[in-house]
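Here the structure is laid out as structure tokens; the discussion comes afterwards.
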Amino acid sequence: MTTDIDDLMKKLVSLCKRRGFVFQSGEIYGGLQSSWDYGPLGVELKRNIEAGWWDFMVSTRPDVVGMDSAIITHPDVWKASGHLQHFHDPMVDCMKCKSRFRQDHVEGETCPECGGELTEPRDFGLMFKTSMGALEDDSATVYLRPETCQPIFVNFSNIVTATRQKLPFGIAQTGKAFRNEITARNFIFRSREFEQMEMEFFCRPEEAGRWFDYWVEQRLQWYRGLGIRSGNLRTRKHDESELAHYADSCVDIEYTFPFVTGGWGELEGIANRTDFDLKAQMEMSGQDLSFQDQAGNQKIVPWVIETSGGIGRTMLAVLLDAYREETVEGRERVVLGLHRDLAPIKVAVLPLSRKLDDRAEEVFRMVSPHLPSQFDVTGSIGKRYRRMDEAGTPFCVTFDFDSLEDRKVTVRERDSLGQIRTPIETLVDTLKDILASGWPDECGGA
Ligand code: GAP
């Protein structure tokens with residue numbers, strides 16, 4: 001079996017539906033374009049990515065604290081940040097085939113798809129607005145946040161006062177963001193509702209360059225730790241013309257997404273935002289958001305290094321990187337070689353025969369309070385292994401007729417197909433050990 005790069009996405013999208021990772025939102029009504037619902041395995045994978053990020057960026061660091069802001073935000077936040085002025089793209093529509101393009105992406109006045117005539121450019125607001133309260137006039141307009149970082153700047157003084165952090169320190173947040181993207185496509189790569197993982201690291205201006213380099217390195221290390229192959233990751237520095245209105249410098253961490261022209265697509269941006277945001281929010285609000293530097297006995301507006309990634313986009317990279325098709329002992333199988341820490345199901349307990357269901361279920365009940373696990377009795381044992389391979393489950397525990405006598409079960413490892421026979425009594429500890437430190441080489445495999 002070979003995996004043609006062109007149909008890799010089709011196969012992955014199909015697997016995501018089949019195994020319950022991602023569904024088209026509103027599918028029974030024909031689907032809501034570029035909107036996705038996460039199923040039982042998808043939500044676990046997403047939560048594992050987010051929890052891993054929080055652990056790496058917040059819980060294990062004394063110099064980063066977290067927050068969780070409201071999604072519906074005060075309109076002045078987005079006036080101050082520049083979103084209301086800058087966050088729109090002039091668009092043109094083809095009058096013949098109805099395709100829509102960013103004006104700066106087309107040359108001339110004819111459609112690149114069909115040669116049809118294009119409309120005059122029109123502005124396209126990327127922020128979702130709604131009304132708060134009973135009236136729907138302009139005074140009631142509020143916005144769904146298009147990024148999670150601005151509420152961090154708005155809460156800067158609250159957090160400094162509450163936590164007494166000293167420079168340098170970071171504030172982190174994960175959560176939903178909303179953008180009325182014109183060209184939302186490529187599955188969960190670009191959607192209109194998505195989740196971000198952002199951290200703003202406040203430091204003295206003269207130290208910003210050093211911290212920028214530090215965070216690029218840290219973030220790259222985090223993606224490698226998810227099991228993504230190093231050769232499929234790279235960093236790319238933005239040139240002047242690409243920089244966002246707030247950024248002094250920016251490096252993207254990119255992944256080899258198969259659908260991106262040129263082969264590399266953005267996973268995360270690390271930006272030196274200078275003091276742009278704090279100053280802008282200070283000016284708009286009239287509040288003092290500067291930092292009282294005890295050491296120098298002076299007030300300073302810190303500079304900010306931002307790390308900004310997407311959960312859905314990380315999940316797509318992880319899935320693409322893990323997907324493989326192979327032939328083992330003359331049989332074809334599809335495997336999601338997910339890192340053990342990310343796998344939604346860590347252990348599947350499988351009776352070899354229906355006659356063993358009850359006894360195998362006892363083993364499942366022993367394991368399930370300790371590890372995310374599943375009990376599967378449907379279909380042949382071969383079919384159940386294949387299902388678990390596709391779900392990315394690293395270990396299958398098989399209860400067979402010998403288990404009745406020797407009180408042992410077989411643990412099979414997903415990638416190597418190596419097996420060990422282990423006592424039921426100590427099974428939970430054995431599984432915890434191999435989940436923590438990996439499958440021992442001496443246990444072999446195919
Ligand atoms: N605060 C800076 C900021 O939001 P961005 O480059 O616009 O920067 C950061 O977004 C990250 O958020 C991207 O690298 C990507 O992972 C994710 N992201 C942005 N727009 C997205 C979308 N429409 N769908 C999915 N993920 C998105």
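Residue numbering restarts at 1 for every chain of the structure tokens, chains are lettered A, B, ... in their displayed order, and ligands are numbered from 1 as they appear.
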
Site check for ligand 1: residues at most 6 Å away, only C-alpha atoms and all ligand atoms, as a list in words: Glu147, Cys149, Phe189, Arg190, Ser191, Arg192, Phe194, Gln196, Glu266, Leu267, Glu268, Gly269, Ser308, Gly309, Gly310 and Arg313 of chain A

File dump, residues just selected, C-alpha atoms, as a PDB file, in the first residue's frame:
```pdb
ATOM      1  CA  GLU A 147      -7.101  36.055  19.546  1.00  0.00           C
ATOM      2  CA  CYS A 149      -3.691  37.483  23.873  1.00  0.00           C
ATOM      3  CA  PHE A 189      -5.932  23.908   9.578  1.00  0.00           C
ATOM      4  CA  ARG A 190      -7.947  27.086   9.082  1.00  0.00           C
ATOM      5  CA  SER A 191     -11.421  27.308  10.547  1.00  0.00           C
ATOM      6  CA  ARG A 192     -13.601  30.166  11.727  1.00  0.00           C
ATOM      7  CA  PHE A 194     -10.532  27.563  16.670  1.00  0.00           C
ATOM      8  CA  GLN A 196      -5.229  29.090  20.572  1.00  0.00           C
ATOM      9  CA  GLU A 266       2.589  27.871   9.941  1.00  0.00           C
ATOM     10  CA  LEU A 267       2.058  26.011  13.187  1.00  0.00           C
ATOM     11  CA  GLU A 268       2.952  28.824  15.550  1.00  0.00           C
ATOM     12  CA  GLY A 269       4.327  32.364  15.539  1.00  0.00           C
ATOM     13  CA  SER A 308       1.083  31.908  19.687  1.00  0.00           C
ATOM     14  CA  GLY A 309      -0.009  28.502  18.432  1.00  0.00           C
ATOM     15  CA  GLY A 310      -3.252  26.732  17.532  1.00  0.00           C
ATOM     16  CA  ARG A 313      -3.416  23.036  13.801  1.00  0.00           C
TER      17      ARG A 313
END
```

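Near stretch 392-402 of chain A, within 7 Å and counting only C-alpha atoms, sit Val335, Leu336, Gly337, Leu338, Arg340, Ala343, Ile345, Lys346, Val347, Ala348, Val349, Leu350, Pro351, Leu352, Ala360, Met388, Asp389, Glu390, Leu404, Glu405, Asp406, Val409, Thr410, Val411, Arg412, Glu413 and Arg414 of chain A, not including residues fewer than 2 positions from it in the same chain.
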
Take the residues from that selection and write them out as a PDB file, in the first residue's frame, keeping N, CA and C atoms.
```pdb
ATOM      1  N   VAL A 335      -2.011   2.728  10.601  1.00  0.00           N
ATOM      2  CA  VAL A 335      -1.615   2.965  11.999  1.00  0.00           C
ATOM      3  C   VAL A 335      -1.511   4.454  12.258  1.00  0.00           C
ATOM      4  N   LEU A 336      -2.005   4.877  13.395  1.00  0.00           N
ATOM      5  CA  LEU A 336      -1.687   6.219  13.886  1.00  0.00           C
ATOM      6  C   LEU A 336      -0.618   6.032  14.961  1.00  0.00           C
ATOM      7  N   GLY A 337       0.615   6.344  14.596  1.00  0.00           N
ATOM      8  CA  GLY A 337       1.705   6.133  15.559  1.00  0.00           C
ATOM      9  C   GLY A 337       1.819   7.285  16.539  1.00  0.00           C
ATOM     10  N   LEU A 338       0.714   7.597  17.229  1.00  0.00           N
ATOM     11  CA  LEU A 338       0.702   8.751  18.150  1.00  0.00           C
ATOM     12  C   LEU A 338       1.644   8.529  19.325  1.00  0.00           C
ATOM     13  N   ARG A 340       2.775   8.242  23.004  1.00  0.00           N
ATOM     14  CA  ARG A 340       1.987   7.635  24.096  1.00  0.00           C
ATOM     15  C   ARG A 340       1.253   8.689  24.932  1.00  0.00           C
ATOM     16  N   ALA A 343      -1.947   9.797  22.946  1.00  0.00           N
ATOM     17  CA  ALA A 343      -2.948   8.801  22.528  1.00  0.00           C
ATOM     18  C   ALA A 343      -4.221   8.920  23.379  1.00  0.00           C
ATOM     19  N   ILE A 345      -6.736   6.747  23.747  1.00  0.00           N
ATOM     20  CA  ILE A 345      -6.913   5.506  24.508  1.00  0.00           C
ATOM     21  C   ILE A 345      -5.510   4.951  24.722  1.00  0.00           C
ATOM     22  N   LYS A 346      -5.152   4.667  25.956  1.00  0.00           N
ATOM     23  CA  LYS A 346      -3.798   4.150  26.204  1.00  0.00           C
ATOM     24  C   LYS A 346      -3.783   2.618  26.118  1.00  0.00           C
ATOM     25  N   VAL A 347      -4.886   1.996  26.552  1.00  0.00           N
ATOM     26  CA  VAL A 347      -4.918   0.535  26.630  1.00  0.00           C
ATOM     27  C   VAL A 347      -6.280   0.011  26.170  1.00  0.00           C
ATOM     28  N   ALA A 348      -6.260  -1.018  25.309  1.00  0.00           N
ATOM     29  CA  ALA A 348      -7.513  -1.702  24.962  1.00  0.00           C
ATOM     30  C   ALA A 348      -7.460  -3.112  25.544  1.00  0.00           C
ATOM     31  N   VAL A 349      -8.527  -3.536  26.197  1.00  0.00           N
ATOM     32  CA  VAL A 349      -8.583  -4.895  26.727  1.00  0.00           C
ATOM     33  C   VAL A 349      -9.499  -5.706  25.816  1.00  0.00           C
ATOM     34  N   LEU A 350      -8.964  -6.830  25.293  1.00  0.00           N
ATOM     35  CA  LEU A 350      -9.677  -7.596  24.273  1.00  0.00           C
ATOM     36  C   LEU A 350      -9.733  -9.072  24.643  1.00  0.00           C
ATOM     37  N   PRO A 351     -10.939  -9.639  24.822  1.00  0.00           N
ATOM     38  CA  PRO A 351     -11.014 -11.086  25.004  1.00  0.00           C
ATOM     39  C   PRO A 351     -10.790 -11.788  23.668  1.00  0.00           C
ATOM     40  N   LEU A 352     -10.048 -12.894  23.690  1.00  0.00           N
ATOM     41  CA  LEU A 352      -9.768 -13.601  22.435  1.00  0.00           C
ATOM     42  C   LEU A 352     -11.040 -14.209  21.845  1.00  0.00           C
ATOM     43  N   ALA A 360     -12.477 -11.279  30.905  1.00  0.00           N
ATOM     44  CA  ALA A 360     -11.683 -10.163  30.359  1.00  0.00           C
ATOM     45  C   ALA A 360     -12.206  -8.830  30.877  1.00  0.00           C
ATOM     46  N   MET A 388      -7.806  -0.558  16.847  1.00  0.00           N
ATOM     47  CA  MET A 388      -6.982   0.120  17.852  1.00  0.00           C
ATOM     48  C   MET A 388      -5.732   0.753  17.220  1.00  0.00           C
ATOM     49  N   ASP A 389      -5.173   0.106  16.182  1.00  0.00           N
ATOM     50  CA  ASP A 389      -4.034   0.696  15.467  1.00  0.00           C
ATOM     51  C   ASP A 389      -4.454   2.036  14.856  1.00  0.00           C
ATOM     52  N   GLU A 390      -5.641   2.047  14.266  1.00  0.00           N
ATOM     53  CA  GLU A 390      -6.143   3.280  13.624  1.00  0.00           C
ATOM     54  C   GLU A 390      -6.460   4.363  14.639  1.00  0.00           C
ATOM     55  N   LEU A 404      -7.016 -18.121  31.798  1.00  0.00           N
ATOM     56  CA  LEU A 404      -7.852 -18.733  32.837  1.00  0.00           C
ATOM     57  C   LEU A 404      -6.996 -19.566  33.787  1.00  0.00           C
ATOM     58  N   GLU A 405      -5.949 -20.182  33.219  1.00  0.00           N
ATOM     59  CA  GLU A 405      -5.083 -21.076  34.000  1.00  0.00           C
ATOM     60  C   GLU A 405      -3.931 -20.327  34.674  1.00  0.00           C
ATOM     61  N   ASP A 406      -3.184 -19.550  33.834  1.00  0.00           N
ATOM     62  CA  ASP A 406      -1.930 -18.976  34.373  1.00  0.00           C
ATOM     63  C   ASP A 406      -2.102 -17.568  34.935  1.00  0.00           C
ATOM     64  N   VAL A 409      -1.852 -12.240  30.992  1.00  0.00           N
ATOM     65  CA  VAL A 409      -2.411 -11.736  29.736  1.00  0.00           C
ATOM     66  C   VAL A 409      -1.259 -11.334  28.815  1.00  0.00           C
ATOM     67  N   THR A 410      -1.589 -11.150  27.521  1.00  0.00           N
ATOM     68  CA  THR A 410      -0.560 -10.725  26.571  1.00  0.00           C
ATOM     69  C   THR A 410      -0.713  -9.236  26.289  1.00  0.00           C
ATOM     70  N   VAL A 411       0.387  -8.506  26.429  1.00  0.00           N
ATOM     71  CA  VAL A 411       0.377  -7.082  26.066  1.00  0.00           C
ATOM     72  C   VAL A 411       1.069  -6.959  24.712  1.00  0.00           C
ATOM     73  N   ARG A 412       0.365  -6.343  23.743  1.00  0.00           N
ATOM     74  CA  ARG A 412       0.907  -6.161  22.384  1.00  0.00           C
ATOM     75  C   ARG A 412       1.153  -4.679  22.154  1.00  0.00           C
ATOM     76  N   GLU A 413       2.347  -4.371  21.646  1.00  0.00           N
ATOM     77  CA  GLU A 413       2.692  -2.968  21.388  1.00  0.00           C
ATOM     78  C   GLU A 413       2.376  -2.615  19.944  1.00  0.00           C
ATOM     79  N   ARG A 414       1.743  -1.428  19.750  1.00  0.00           N
ATOM     80  CA  ARG A 414       1.209  -1.033  18.444  1.00  0.00           C
ATOM     81  C   ARG A 414       2.248  -0.971  17.318  1.00  0.00           C
TER      82      ARG A 414
END
```

Interatomic distance (Å, one decimal) between atom CA of A:Pro302 and atom CA of A:Asp55: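 Calculated distance between atom CA of A:Pro302 and atom CA of A:Asp55 is 25.1 Å.
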
Hey, which bits of stretch 103-211 of chain A sit within 12 Å of stretch 241-264 of chain A, and for each residue what's the closest pair of atoms and how far apart in Å (one decimal), counting only C-alpha atoms, rows by chain and increasing number, as JSON lines?
```
{"residue": "A:Arg185", "atom": "CA", "partner": "A:Phe259", "partner_atom": "CA", "distance": 10.2}
{"residue": "A:Asn186", "atom": "CA", "partner": "A:Phe259", "partner_atom": "CA", "distance": 7.4}
{"residue": "A:Phe187", "atom": "CA", "partner": "A:Phe259", "partner_atom": "CA", "distance": 10.4}
{"residue": "A:Ile188", "atom": "CA", "partner": "A:Phe257", "partner_atom": "CA", "distance": 11.8}
{"residue": "A:Phe189", "atom": "CA", "partner": "A:Phe257", "partner_atom": "CA", "distance": 9.1}
{"residue": "A:Arg190", "atom": "CA", "partner": "A:Val260", "partner_atom": "CA", "distance": 11.7}
{"residue": "A:Pro205", "atom": "CA", "partner": "A:Asp248", "partner_atom": "CA", "distance": 11.9}
{"residue": "A:Ala208", "atom": "CA", "partner": "A:Asp248", "partner_atom": "CA", "distance": 10.5}
{"residue": "A:Gly209", "atom": "CA", "partner": "A:Ser249", "partner_atom": "CA", "distance": 9.4}
```

Residue contacts of A:Glu109 (12 Å, only C-alpha atoms) excluding same-chain residues fewer than 6 positions away, as a PyMOL selection string: chain A and resi 92-95+101+103+115-121

Atom pair atom CA of A:Asn232 / atom CA of A:Ala317: separation (Å):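 A separation of 9.4 Å between them.
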
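Nearest residue to A:Gly39, choosing from A:Arg102, A:Lys432, A:Arg236, A:Arg19 and counting only C-alpha atoms: A:Arg19.
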
Test item, helix (DSSP H, G or I) assignment across stretch 27-143 of chain A, answer as a ChimeraX atom specification: /A:27-29,40-59,75-81,83-86,103-105,138-140

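Counting from atom CA of A:Leu126, the distance to atom CA of A:Ser25 is 20.4 Å.
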